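Just model-v2.txt here, compact mmCIF, N, CA and C atoms:
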```txt
# COMPACT_ATOMS: atom_id res chain seq x y z
N MET A 1 0.84 -1.17 0.00
CA MET A 1 0.00 0.00 0.00
C MET A 1 0.89 1.24 0.00
N ASN A 2 0.62 2.12 -0.95
CA ASN A 2 1.38 3.35 -1.03
C ASN A 2 0.63 4.47 -0.33
N LEU A 3 1.33 5.24 0.42
CA LEU A 3 0.74 6.40 1.08
C LEU A 3 1.14 7.64 0.33
N THR A 4 0.17 8.50 0.12
CA THR A 4 0.44 9.77 -0.55
C THR A 4 0.31 10.87 0.48
N SER A 5 1.31 11.68 0.57
CA SER A 5 1.25 12.75 1.57
C SER A 5 0.34 13.87 1.07
N TRP A 6 -0.36 14.46 2.02
CA TRP A 6 -1.27 15.57 1.72
C TRP A 6 -0.43 16.84 1.62
N ARG A 7 -0.59 17.53 0.50
CA ARG A 7 0.18 18.76 0.31
C ARG A 7 -0.50 19.89 1.05
N ARG A 8 0.27 20.55 1.84
CA ARG A 8 -0.27 21.69 2.57
C ARG A 8 -0.52 22.83 1.61
N GLY A 9 -1.55 23.60 1.93
CA GLY A 9 -1.86 24.75 1.09
C GLY A 9 -2.93 24.47 0.06
N ILE A 10 -3.35 23.22 -0.09
CA ILE A 10 -4.41 22.91 -1.04
C ILE A 10 -5.75 23.01 -0.31
N ASP A 11 -6.64 23.77 -0.88
CA ASP A 11 -7.96 23.98 -0.30
C ASP A 11 -8.96 23.13 -1.09
N PRO A 12 -9.53 22.06 -0.49
CA PRO A 12 -10.46 21.20 -1.23
C PRO A 12 -11.67 21.96 -1.78
N VAL A 13 -12.21 22.89 -1.01
CA VAL A 13 -13.36 23.67 -1.47
C VAL A 13 -12.94 24.56 -2.64
N GLY A 14 -11.78 25.14 -2.54
CA GLY A 14 -11.27 25.97 -3.63
C GLY A 14 -11.06 25.15 -4.90
N GLU A 15 -10.58 23.92 -4.73
CA GLU A 15 -10.37 23.04 -5.89
C GLU A 15 -11.71 22.70 -6.56
N LEU A 16 -12.75 22.44 -5.76
CA LEU A 16 -14.07 22.16 -6.34
C LEU A 16 -14.60 23.39 -7.07
N ASP A 17 -14.39 24.58 -6.52
CA ASP A 17 -14.80 25.81 -7.17
C ASP A 17 -14.06 26.00 -8.49
N ARG A 18 -12.77 25.72 -8.48
CA ARG A 18 -11.97 25.83 -9.70
C ARG A 18 -12.47 24.85 -10.76
N LEU A 19 -12.80 23.61 -10.34
CA LEU A 19 -13.33 22.61 -11.27
C LEU A 19 -14.66 23.08 -11.87
N GLN A 20 -15.56 23.64 -11.03
CA GLN A 20 -16.84 24.15 -11.53
C GLN A 20 -16.61 25.26 -12.55
N ASN A 21 -15.68 26.15 -12.29
CA ASN A 21 -15.38 27.23 -13.23
C ASN A 21 -14.85 26.68 -14.55
N GLU A 22 -14.02 25.66 -14.48
CA GLU A 22 -13.50 25.06 -15.71
C GLU A 22 -14.61 24.40 -16.52
N ILE A 23 -15.52 23.73 -15.83
CA ILE A 23 -16.65 23.10 -16.53
C ILE A 23 -17.54 24.17 -17.17
N ASN A 24 -17.81 25.25 -16.43
CA ASN A 24 -18.62 26.35 -16.99
C ASN A 24 -17.93 26.95 -18.21
N ARG A 25 -16.64 27.14 -18.13
CA ARG A 25 -15.91 27.70 -19.27
C ARG A 25 -15.91 26.73 -20.44
N LEU A 26 -15.83 25.44 -20.17
CA LEU A 26 -15.85 24.43 -21.22
C LEU A 26 -17.15 24.52 -22.02
N PHE A 27 -18.27 24.68 -21.32
CA PHE A 27 -19.56 24.78 -21.99
C PHE A 27 -19.93 26.22 -22.32
N ASP A 28 -19.08 27.18 -21.94
CA ASP A 28 -19.29 28.59 -22.23
C ASP A 28 -20.67 29.03 -21.78
N TYR A 29 -21.03 28.71 -20.55
CA TYR A 29 -22.35 29.06 -20.03
C TYR A 29 -22.20 29.75 -18.69
N ASP A 30 -22.83 30.90 -18.57
CA ASP A 30 -22.83 31.65 -17.32
C ASP A 30 -24.15 31.40 -16.61
N TYR A 31 -24.09 30.77 -15.44
CA TYR A 31 -25.32 30.44 -14.72
C TYR A 31 -25.89 31.62 -13.97
N GLY A 32 -25.16 32.68 -13.82
CA GLY A 32 -25.67 33.85 -13.14
C GLY A 32 -25.70 33.67 -11.64
N ALA A 33 -26.12 34.71 -10.96
CA ALA A 33 -26.10 34.70 -9.50
C ALA A 33 -27.15 33.76 -8.92
N ASN A 34 -28.30 33.60 -9.59
CA ASN A 34 -29.38 32.80 -9.03
C ASN A 34 -29.55 31.46 -9.73
N GLY A 35 -28.68 31.13 -10.65
CA GLY A 35 -28.82 29.91 -11.41
C GLY A 35 -28.07 28.75 -10.80
N GLY A 36 -28.27 27.60 -11.40
CA GLY A 36 -27.58 26.42 -10.92
C GLY A 36 -27.31 25.49 -12.09
N LEU A 37 -26.58 24.44 -11.82
CA LEU A 37 -26.18 23.52 -12.86
C LEU A 37 -27.37 22.87 -13.55
N LEU A 38 -28.47 22.59 -12.81
CA LEU A 38 -29.61 21.91 -13.40
C LEU A 38 -30.70 22.86 -13.90
N ASP A 39 -30.52 24.18 -13.75
CA ASP A 39 -31.51 25.12 -14.24
C ASP A 39 -31.47 25.17 -15.76
N ARG A 40 -32.65 25.31 -16.36
CA ARG A 40 -32.72 25.42 -17.82
C ARG A 40 -32.39 26.84 -18.22
N ALA A 41 -31.76 26.99 -19.35
CA ALA A 41 -31.41 28.32 -19.84
C ALA A 41 -32.67 29.09 -20.23
N VAL A 42 -33.69 28.39 -20.71
CA VAL A 42 -34.92 29.04 -21.14
C VAL A 42 -36.07 28.48 -20.32
N SER A 43 -36.59 29.26 -19.41
CA SER A 43 -37.75 28.90 -18.63
C SER A 43 -38.58 30.16 -18.45
N PRO A 44 -39.71 30.24 -19.15
CA PRO A 44 -40.53 31.46 -19.01
C PRO A 44 -40.95 31.66 -17.56
N ALA A 45 -40.95 32.90 -17.15
CA ALA A 45 -41.31 33.24 -15.78
C ALA A 45 -42.81 33.07 -15.57
N PHE A 46 -43.20 32.68 -14.35
CA PHE A 46 -44.63 32.66 -14.03
C PHE A 46 -44.84 33.08 -12.58
N ASP A 47 -46.05 33.59 -12.32
CA ASP A 47 -46.47 33.99 -10.99
C ASP A 47 -47.71 33.19 -10.64
N VAL A 48 -47.87 32.87 -9.36
CA VAL A 48 -49.08 32.20 -8.88
C VAL A 48 -49.66 33.09 -7.78
N VAL A 49 -50.94 33.46 -7.94
CA VAL A 49 -51.61 34.28 -6.94
C VAL A 49 -52.87 33.57 -6.48
N GLU A 50 -53.30 33.89 -5.27
CA GLU A 50 -54.48 33.24 -4.69
C GLU A 50 -55.44 34.28 -4.19
N ASP A 51 -56.73 34.06 -4.41
CA ASP A 51 -57.77 34.83 -3.74
C ASP A 51 -58.73 33.83 -3.10
N ASP A 52 -59.88 34.29 -2.65
CA ASP A 52 -60.80 33.40 -1.93
C ASP A 52 -61.33 32.27 -2.80
N ASP A 53 -61.48 32.51 -4.12
CA ASP A 53 -62.14 31.54 -4.99
C ASP A 53 -61.20 30.78 -5.92
N THR A 54 -60.02 31.33 -6.21
CA THR A 54 -59.17 30.72 -7.24
C THR A 54 -57.68 30.87 -6.92
N PHE A 55 -56.91 30.03 -7.59
CA PHE A 55 -55.48 30.25 -7.77
C PHE A 55 -55.35 30.66 -9.23
N THR A 56 -54.48 31.62 -9.53
CA THR A 56 -54.28 32.05 -10.91
C THR A 56 -52.80 32.02 -11.23
N VAL A 57 -52.47 31.42 -12.37
CA VAL A 57 -51.09 31.35 -12.85
C VAL A 57 -50.96 32.31 -14.02
N TYR A 58 -49.98 33.20 -13.96
CA TYR A 58 -49.67 34.11 -15.05
C TYR A 58 -48.29 33.74 -15.57
N MET A 59 -48.18 33.47 -16.88
CA MET A 59 -46.88 33.12 -17.47
C MET A 59 -46.61 34.06 -18.64
N ASP A 60 -45.45 34.70 -18.60
CA ASP A 60 -45.04 35.60 -19.68
C ASP A 60 -44.53 34.79 -20.86
N LEU A 61 -45.21 34.92 -22.00
CA LEU A 61 -44.82 34.19 -23.21
C LEU A 61 -44.80 35.13 -24.42
N PRO A 62 -44.01 36.20 -24.38
CA PRO A 62 -43.99 37.11 -25.53
C PRO A 62 -43.45 36.42 -26.77
N GLY A 63 -44.14 36.62 -27.87
CA GLY A 63 -43.70 36.04 -29.14
C GLY A 63 -44.09 34.59 -29.35
N VAL A 64 -44.78 33.98 -28.39
CA VAL A 64 -45.21 32.59 -28.52
C VAL A 64 -46.66 32.59 -28.99
N GLU A 65 -46.92 31.85 -30.06
CA GLU A 65 -48.28 31.77 -30.59
C GLU A 65 -49.11 30.80 -29.75
N GLU A 66 -50.40 31.12 -29.62
CA GLU A 66 -51.32 30.30 -28.82
C GLU A 66 -51.34 28.85 -29.29
N LYS A 67 -51.24 28.63 -30.59
CA LYS A 67 -51.29 27.27 -31.13
C LYS A 67 -50.07 26.44 -30.72
N ASN A 68 -49.01 27.11 -30.26
CA ASN A 68 -47.78 26.42 -29.86
C ASN A 68 -47.67 26.21 -28.35
N VAL A 69 -48.78 26.42 -27.62
CA VAL A 69 -48.78 26.26 -26.16
C VAL A 69 -49.75 25.14 -25.80
N ASP A 70 -49.32 24.27 -24.89
CA ASP A 70 -50.16 23.17 -24.41
C ASP A 70 -50.23 23.25 -22.89
N VAL A 71 -51.46 23.27 -22.37
CA VAL A 71 -51.69 23.31 -20.93
C VAL A 71 -52.41 22.02 -20.56
N SER A 72 -51.88 21.29 -19.56
CA SER A 72 -52.52 20.04 -19.16
C SER A 72 -52.38 19.85 -17.65
N ILE A 73 -53.28 19.02 -17.11
CA ILE A 73 -53.23 18.65 -15.69
C ILE A 73 -53.31 17.14 -15.60
N ALA A 74 -52.37 16.56 -14.87
CA ALA A 74 -52.36 15.11 -14.63
C ALA A 74 -51.81 14.88 -13.23
N SER A 75 -52.48 14.05 -12.46
CA SER A 75 -52.04 13.71 -11.10
C SER A 75 -51.79 14.96 -10.26
N ASN A 76 -52.67 15.94 -10.39
CA ASN A 76 -52.61 17.18 -9.62
C ASN A 76 -51.36 18.02 -9.90
N VAL A 77 -50.83 17.89 -11.13
CA VAL A 77 -49.67 18.67 -11.56
C VAL A 77 -50.05 19.42 -12.84
N LEU A 78 -49.90 20.74 -12.82
CA LEU A 78 -50.14 21.57 -13.99
C LEU A 78 -48.87 21.60 -14.83
N THR A 79 -49.00 21.31 -16.12
CA THR A 79 -47.86 21.35 -17.03
C THR A 79 -48.17 22.33 -18.15
N ILE A 80 -47.26 23.25 -18.37
CA ILE A 80 -47.36 24.20 -19.48
C ILE A 80 -46.13 24.01 -20.33
N LYS A 81 -46.35 23.64 -21.59
CA LYS A 81 -45.21 23.46 -22.48
C LYS A 81 -45.53 24.09 -23.83
N GLY A 82 -44.49 24.37 -24.55
CA GLY A 82 -44.69 25.00 -25.85
C GLY A 82 -43.39 25.22 -26.58
N THR A 83 -43.53 25.95 -27.69
CA THR A 83 -42.39 26.22 -28.56
C THR A 83 -42.46 27.66 -29.03
N LYS A 84 -41.33 28.32 -29.02
CA LYS A 84 -41.24 29.67 -29.57
C LYS A 84 -40.37 29.61 -30.82
N GLU A 85 -40.92 30.13 -31.90
CA GLU A 85 -40.20 30.12 -33.17
C GLU A 85 -39.89 31.55 -33.58
N LEU A 86 -38.67 31.79 -33.99
CA LEU A 86 -38.28 33.09 -34.49
C LEU A 86 -38.42 33.10 -36.01
N PRO A 87 -38.71 34.25 -36.59
CA PRO A 87 -38.82 34.30 -38.04
C PRO A 87 -37.49 33.97 -38.70
N ALA A 88 -37.56 33.31 -39.84
CA ALA A 88 -36.35 32.94 -40.57
C ALA A 88 -35.70 34.19 -41.16
N LEU A 89 -34.39 34.23 -41.04
CA LEU A 89 -33.64 35.34 -41.62
C LEU A 89 -33.05 34.90 -42.95
N GLY A 90 -32.83 35.84 -43.82
CA GLY A 90 -32.25 35.52 -45.12
C GLY A 90 -30.83 35.00 -44.97
N GLU A 91 -30.36 34.30 -46.00
CA GLU A 91 -29.01 33.72 -45.96
C GLU A 91 -27.92 34.78 -45.94
N ASP A 92 -28.21 35.96 -46.46
CA ASP A 92 -27.20 37.01 -46.51
C ASP A 92 -27.19 37.90 -45.26
N VAL A 93 -27.99 37.55 -44.26
CA VAL A 93 -28.09 38.34 -43.04
C VAL A 93 -27.08 37.83 -42.02
N LYS A 94 -26.35 38.76 -41.41
CA LYS A 94 -25.42 38.41 -40.34
C LYS A 94 -26.00 38.89 -39.03
N VAL A 95 -26.09 38.00 -38.07
CA VAL A 95 -26.59 38.36 -36.75
C VAL A 95 -25.40 38.66 -35.86
N TYR A 96 -25.32 39.86 -35.33
CA TYR A 96 -24.21 40.24 -34.48
C TYR A 96 -24.50 40.00 -33.01
N ARG A 97 -25.75 40.02 -32.66
CA ARG A 97 -26.13 39.73 -31.28
C ARG A 97 -27.59 39.30 -31.27
N GLN A 98 -27.88 38.23 -30.59
CA GLN A 98 -29.25 37.75 -30.50
C GLN A 98 -29.53 37.35 -29.06
N GLU A 99 -30.40 38.11 -28.39
CA GLU A 99 -30.76 37.82 -27.01
C GLU A 99 -32.12 37.15 -26.90
N GLU A 100 -32.90 37.24 -27.94
CA GLU A 100 -34.21 36.59 -27.93
C GLU A 100 -34.01 35.09 -28.09
N TRP A 101 -34.76 34.32 -27.32
CA TRP A 101 -34.59 32.88 -27.34
C TRP A 101 -35.61 32.23 -28.26
N GLU A 102 -35.29 31.04 -28.68
CA GLU A 102 -36.23 30.22 -29.42
C GLU A 102 -36.04 28.77 -29.00
N GLY A 103 -37.07 27.98 -29.23
CA GLY A 103 -36.99 26.58 -28.87
C GLY A 103 -38.16 26.18 -27.99
N SER A 104 -38.04 25.00 -27.38
CA SER A 104 -39.14 24.48 -26.58
C SER A 104 -38.91 24.78 -25.10
N PHE A 105 -40.01 24.79 -24.36
CA PHE A 105 -39.95 25.01 -22.93
C PHE A 105 -41.01 24.14 -22.27
N GLN A 106 -40.83 23.90 -20.97
CA GLN A 106 -41.82 23.18 -20.19
C GLN A 106 -41.68 23.60 -18.74
N ARG A 107 -42.78 23.95 -18.11
CA ARG A 107 -42.82 24.29 -16.69
C ARG A 107 -43.90 23.44 -16.04
N THR A 108 -43.64 22.95 -14.84
CA THR A 108 -44.62 22.17 -14.10
C THR A 108 -44.81 22.80 -12.73
N LEU A 109 -46.02 22.63 -12.20
CA LEU A 109 -46.37 23.19 -10.91
C LEU A 109 -47.28 22.22 -10.19
N SER A 110 -46.89 21.79 -9.01
CA SER A 110 -47.76 20.95 -8.19
C SER A 110 -48.91 21.82 -7.68
N LEU A 111 -50.13 21.36 -7.91
CA LEU A 111 -51.30 22.15 -7.53
C LEU A 111 -51.61 21.96 -6.05
N PRO A 112 -52.06 23.01 -5.41
CA PRO A 112 -52.47 22.88 -4.01
C PRO A 112 -53.70 21.98 -3.89
N HIS A 113 -53.87 21.39 -2.74
CA HIS A 113 -55.04 20.56 -2.48
C HIS A 113 -56.29 21.43 -2.58
N GLY A 114 -57.32 20.93 -3.21
CA GLY A 114 -58.58 21.66 -3.28
C GLY A 114 -58.86 22.34 -4.60
N VAL A 115 -58.01 22.17 -5.60
CA VAL A 115 -58.27 22.76 -6.92
C VAL A 115 -59.28 21.89 -7.65
N ASP A 116 -60.29 22.54 -8.23
CA ASP A 116 -61.30 21.84 -9.02
C ASP A 116 -60.76 21.71 -10.45
N THR A 117 -60.11 20.60 -10.74
CA THR A 117 -59.44 20.43 -12.04
C THR A 117 -60.42 20.33 -13.21
N GLN A 118 -61.72 20.12 -12.93
CA GLN A 118 -62.71 20.04 -14.01
C GLN A 118 -63.12 21.42 -14.52
N ARG A 119 -62.82 22.48 -13.78
CA ARG A 119 -63.24 23.83 -14.17
C ARG A 119 -62.07 24.75 -14.50
N VAL A 120 -60.91 24.21 -14.76
CA VAL A 120 -59.74 25.02 -15.07
C VAL A 120 -59.92 25.69 -16.43
N GLN A 121 -59.52 26.95 -16.52
CA GLN A 121 -59.61 27.70 -17.77
C GLN A 121 -58.26 28.33 -18.08
N ALA A 122 -57.96 28.44 -19.38
CA ALA A 122 -56.71 29.08 -19.81
C ALA A 122 -57.00 30.02 -20.96
N GLN A 123 -56.35 31.17 -20.94
CA GLN A 123 -56.48 32.10 -22.06
C GLN A 123 -55.15 32.82 -22.24
N MET A 124 -54.93 33.27 -23.47
CA MET A 124 -53.69 33.97 -23.78
C MET A 124 -54.03 35.31 -24.38
N LYS A 125 -53.45 36.38 -23.83
CA LYS A 125 -53.72 37.72 -24.32
C LYS A 125 -52.47 38.57 -24.15
N ASN A 126 -52.06 39.24 -25.21
CA ASN A 126 -50.91 40.14 -25.19
C ASN A 126 -49.64 39.48 -24.65
N GLY A 127 -49.41 38.23 -25.00
CA GLY A 127 -48.19 37.54 -24.61
C GLY A 127 -48.19 37.01 -23.19
N VAL A 128 -49.35 37.04 -22.52
CA VAL A 128 -49.43 36.52 -21.15
C VAL A 128 -50.47 35.41 -21.12
N LEU A 129 -50.04 34.23 -20.69
CA LEU A 129 -50.94 33.10 -20.51
C LEU A 129 -51.51 33.18 -19.10
N THR A 130 -52.84 33.10 -18.99
CA THR A 130 -53.50 33.13 -17.69
C THR A 130 -54.24 31.82 -17.51
N VAL A 131 -53.89 31.08 -16.47
CA VAL A 131 -54.56 29.82 -16.16
C VAL A 131 -55.29 30.02 -14.83
N THR A 132 -56.61 29.89 -14.87
CA THR A 132 -57.44 30.08 -13.68
C THR A 132 -57.80 28.71 -13.12
N LEU A 133 -57.47 28.51 -11.86
CA LEU A 133 -57.68 27.24 -11.18
C LEU A 133 -58.68 27.44 -10.04
N PRO A 134 -59.97 27.19 -10.30
CA PRO A 134 -60.98 27.41 -9.25
C PRO A 134 -60.80 26.44 -8.08
N LYS A 135 -61.14 26.92 -6.90
CA LYS A 135 -61.10 26.07 -5.71
C LYS A 135 -62.42 25.32 -5.59
N ARG A 136 -62.36 24.11 -5.05
CA ARG A 136 -63.59 23.38 -4.76
C ARG A 136 -64.30 24.08 -3.62
N GLU A 137 -65.61 23.99 -3.60
CA GLU A 137 -66.42 24.68 -2.60
C GLU A 137 -66.02 24.32 -1.18
N GLU A 138 -65.71 23.07 -0.93
CA GLU A 138 -65.41 22.65 0.44
C GLU A 138 -64.08 23.20 0.94
N THR A 139 -63.24 23.73 0.05
CA THR A 139 -61.96 24.27 0.49
C THR A 139 -61.96 25.79 0.61
N LYS A 140 -63.03 26.43 0.17
CA LYS A 140 -63.10 27.89 0.25
C LYS A 140 -63.35 28.31 1.69
N PRO A 141 -62.78 29.44 2.09
CA PRO A 141 -63.04 29.91 3.45
C PRO A 141 -64.51 30.27 3.62
N LYS A 142 -65.05 29.95 4.77
CA LYS A 142 -66.45 30.24 5.05
C LYS A 142 -66.55 31.11 6.29
N GLN A 143 -67.44 32.08 6.23
CA GLN A 143 -67.71 32.92 7.38
C GLN A 143 -68.82 32.27 8.17
N ILE A 144 -68.61 32.07 9.45
CA ILE A 144 -69.60 31.43 10.31
C ILE A 144 -70.17 32.51 11.22
N LYS A 145 -71.49 32.65 11.15
CA LYS A 145 -72.17 33.64 11.97
C LYS A 145 -72.37 33.07 13.37
N ILE A 146 -72.07 33.87 14.33
CA ILE A 146 -72.24 33.46 15.72
C ILE A 146 -73.56 34.01 16.22
N ASP A 147 -74.45 33.13 16.67
CA ASP A 147 -75.71 33.54 17.27
C ASP A 147 -75.49 33.80 18.75
N VAL A 148 -75.93 34.93 19.17
CA VAL A 148 -75.83 35.28 20.59
C VAL A 148 -77.21 35.13 21.19
N SER A 149 -77.36 34.20 22.09
CA SER A 149 -78.67 33.98 22.72
C SER A 149 -78.76 34.80 24.00
N LYS A 150 -79.94 35.34 24.21
CA LYS A 150 -80.15 36.19 25.39
C LYS A 150 -80.98 35.49 26.41
```

Please express what this file holds, its structure, as structure tokens.
Amino acid sequence: MNLTSWRRGIDPVGELDRLQNEINRLFDYDYGANGGLLDRAVSPAFDVVEDDDTFTVYMDLPGVEEKNVDVSIASNVLTIKGTKELPALGEDVKVYRQEEWEGSFQRTLSLPHGVDTQRVQAQMKNGVLTVTLPKREETKPKQIKIDVSK
């Protein structure tokens, strides 16, 4: 059995950080301050809001046509997927910078208990997809009147 001496001055955490930087540079991808290795580069943003009667999901999809969006619910999970296509450019056109994305996307959201999945509605207007998820009656808050007997 050979023993290898540990070199002083080597920081294991620093070495892992250096390795991560080399991998990022290899793939030429900047994950940003809030990103991670498993985050998708293209994930449309969405918000979920709640009121007494519904949960509502708003997803920003500028430039995505309604026919290219699919909304489904299975096993109490909302799935929104689609494709964004950019117009074709001529062969003689040189693109110097392109920040607009194209391609497919998919977002999933576990639904809270009490959503009436039979009455879900979706509509798209001005590049914003709105999915309305009504609550079942038994899960809505109820005001109970207190009778005061004299």

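Closest approach to Glu137 in chain A among A:Asp116, A:Glu100, A:Asp17, A:Glu91 is made by A:Asp116 (distances from all atoms listed in the file).
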
> So which bits of range 6-116 of chain A end up strand (DSSP E) when you DSSP the backbone, as a VMD selection string?
Replying inline: chain A and resid 46 to 50 54 to 60 69 to 74 77 to 84 103 to 110

>> Can you pull out the residues contacting range 103-114 of chain A? Cut-off 6.5 Å, using all atoms listed in the file, and skip same-chain residues under 5 positions away; I want them as a PyMOL selection string.
In response: chain A and resi 42-44+76-86+134-136+139

Could you pull out all residues of range 3-121 of chain A with a DSSP call of alpha helix (DSSP H) and give them as a PDB file with N, CA and C atoms, in the coordinates of the input?
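Just written: part11.pdb:
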```
ATOM      1  N   PRO A  12      -9.530  22.060  -0.490  1.00  0.00           N
ATOM      2  CA  PRO A  12     -10.460  21.200  -1.230  1.00  0.00           C
ATOM      3  C   PRO A  12     -11.670  21.960  -1.780  1.00  0.00           C
ATOM      4  N   VAL A  13     -12.210  22.890  -1.010  1.00  0.00           N
ATOM      5  CA  VAL A  13     -13.360  23.670  -1.470  1.00  0.00           C
ATOM      6  C   VAL A  13     -12.940  24.560  -2.640  1.00  0.00           C
ATOM      7  N   GLY A  14     -11.780  25.140  -2.540  1.00  0.00           N
ATOM      8  CA  GLY A  14     -11.270  25.970  -3.630  1.00  0.00           C
ATOM      9  C   GLY A  14     -11.060  25.150  -4.900  1.00  0.00           C
ATOM     10  N   GLU A  15     -10.580  23.920  -4.730  1.00  0.00           N
ATOM     11  CA  GLU A  15     -10.370  23.040  -5.890  1.00  0.00           C
ATOM     12  C   GLU A  15     -11.710  22.700  -6.560  1.00  0.00           C
ATOM     13  N   LEU A  16     -12.750  22.440  -5.760  1.00  0.00           N
ATOM     14  CA  LEU A  16     -14.070  22.160  -6.340  1.00  0.00           C
ATOM     15  C   LEU A  16     -14.600  23.390  -7.070  1.00  0.00           C
ATOM     16  N   ASP A  17     -14.390  24.580  -6.520  1.00  0.00           N
ATOM     17  CA  ASP A  17     -14.800  25.810  -7.170  1.00  0.00           C
ATOM     18  C   ASP A  17     -14.060  26.000  -8.490  1.00  0.00           C
ATOM     19  N   ARG A  18     -12.770  25.720  -8.480  1.00  0.00           N
ATOM     20  CA  ARG A  18     -11.970  25.830  -9.700  1.00  0.00           C
ATOM     21  C   ARG A  18     -12.470  24.850 -10.760  1.00  0.00           C
ATOM     22  N   LEU A  19     -12.800  23.610 -10.340  1.00  0.00           N
ATOM     23  CA  LEU A  19     -13.330  22.610 -11.270  1.00  0.00           C
ATOM     24  C   LEU A  19     -14.660  23.080 -11.870  1.00  0.00           C
ATOM     25  N   GLN A  20     -15.560  23.640 -11.030  1.00  0.00           N
ATOM     26  CA  GLN A  20     -16.840  24.150 -11.530  1.00  0.00           C
ATOM     27  C   GLN A  20     -16.610  25.260 -12.550  1.00  0.00           C
ATOM     28  N   ASN A  21     -15.680  26.150 -12.290  1.00  0.00           N
ATOM     29  CA  ASN A  21     -15.380  27.230 -13.230  1.00  0.00           C
ATOM     30  C   ASN A  21     -14.850  26.680 -14.550  1.00  0.00           C
ATOM     31  N   GLU A  22     -14.020  25.660 -14.480  1.00  0.00           N
ATOM     32  CA  GLU A  22     -13.500  25.060 -15.710  1.00  0.00           C
ATOM     33  C   GLU A  22     -14.610  24.400 -16.520  1.00  0.00           C
ATOM     34  N   ILE A  23     -15.520  23.730 -15.830  1.00  0.00           N
ATOM     35  CA  ILE A  23     -16.650  23.100 -16.530  1.00  0.00           C
ATOM     36  C   ILE A  23     -17.540  24.170 -17.170  1.00  0.00           C
ATOM     37  N   ASN A  24     -17.810  25.250 -16.430  1.00  0.00           N
ATOM     38  CA  ASN A  24     -18.620  26.350 -16.990  1.00  0.00           C
ATOM     39  C   ASN A  24     -17.930  26.950 -18.210  1.00  0.00           C
ATOM     40  N   ARG A  25     -16.640  27.140 -18.130  1.00  0.00           N
ATOM     41  CA  ARG A  25     -15.910  27.700 -19.270  1.00  0.00           C
ATOM     42  C   ARG A  25     -15.910  26.730 -20.440  1.00  0.00           C
ATOM     43  N   LEU A  26     -15.830  25.440 -20.170  1.00  0.00           N
ATOM     44  CA  LEU A  26     -15.850  24.430 -21.220  1.00  0.00           C
ATOM     45  C   LEU A  26     -17.150  24.520 -22.020  1.00  0.00           C
ATOM     46  N   PHE A  27     -18.270  24.680 -21.320  1.00  0.00           N
ATOM     47  CA  PHE A  27     -19.560  24.780 -21.990  1.00  0.00           C
ATOM     48  C   PHE A  27     -19.930  26.220 -22.320  1.00  0.00           C
TER      49      PHE A  27
END
```

> To one decimal place, how far is CA of Val128 in chain A from CA of Leu61 in chain A in Å?
Replying inline: 5.6 Å

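For the pair atom N of Val64 in chain A and atom N of Phe46 in chain A, the interatomic distance is 14.2 Å.
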
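Between CA of Ala122 in chain A and atom N of Phe55 in chain A there is a distance of 12.3 Å.
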
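Proximity ranking of A:Asp11, A:Val71, A:Val120, A:Leu133 relative to Asp53 in chain A places A:Leu133 first, based on all atoms listed in the file.
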
> Which residue, A:Val95, A:Glu22, A:Ser149, A:Gly127, has the smallest gap to Gly63 in chain A when you use all atoms listed in the file?
Replying inline: A:Gly127
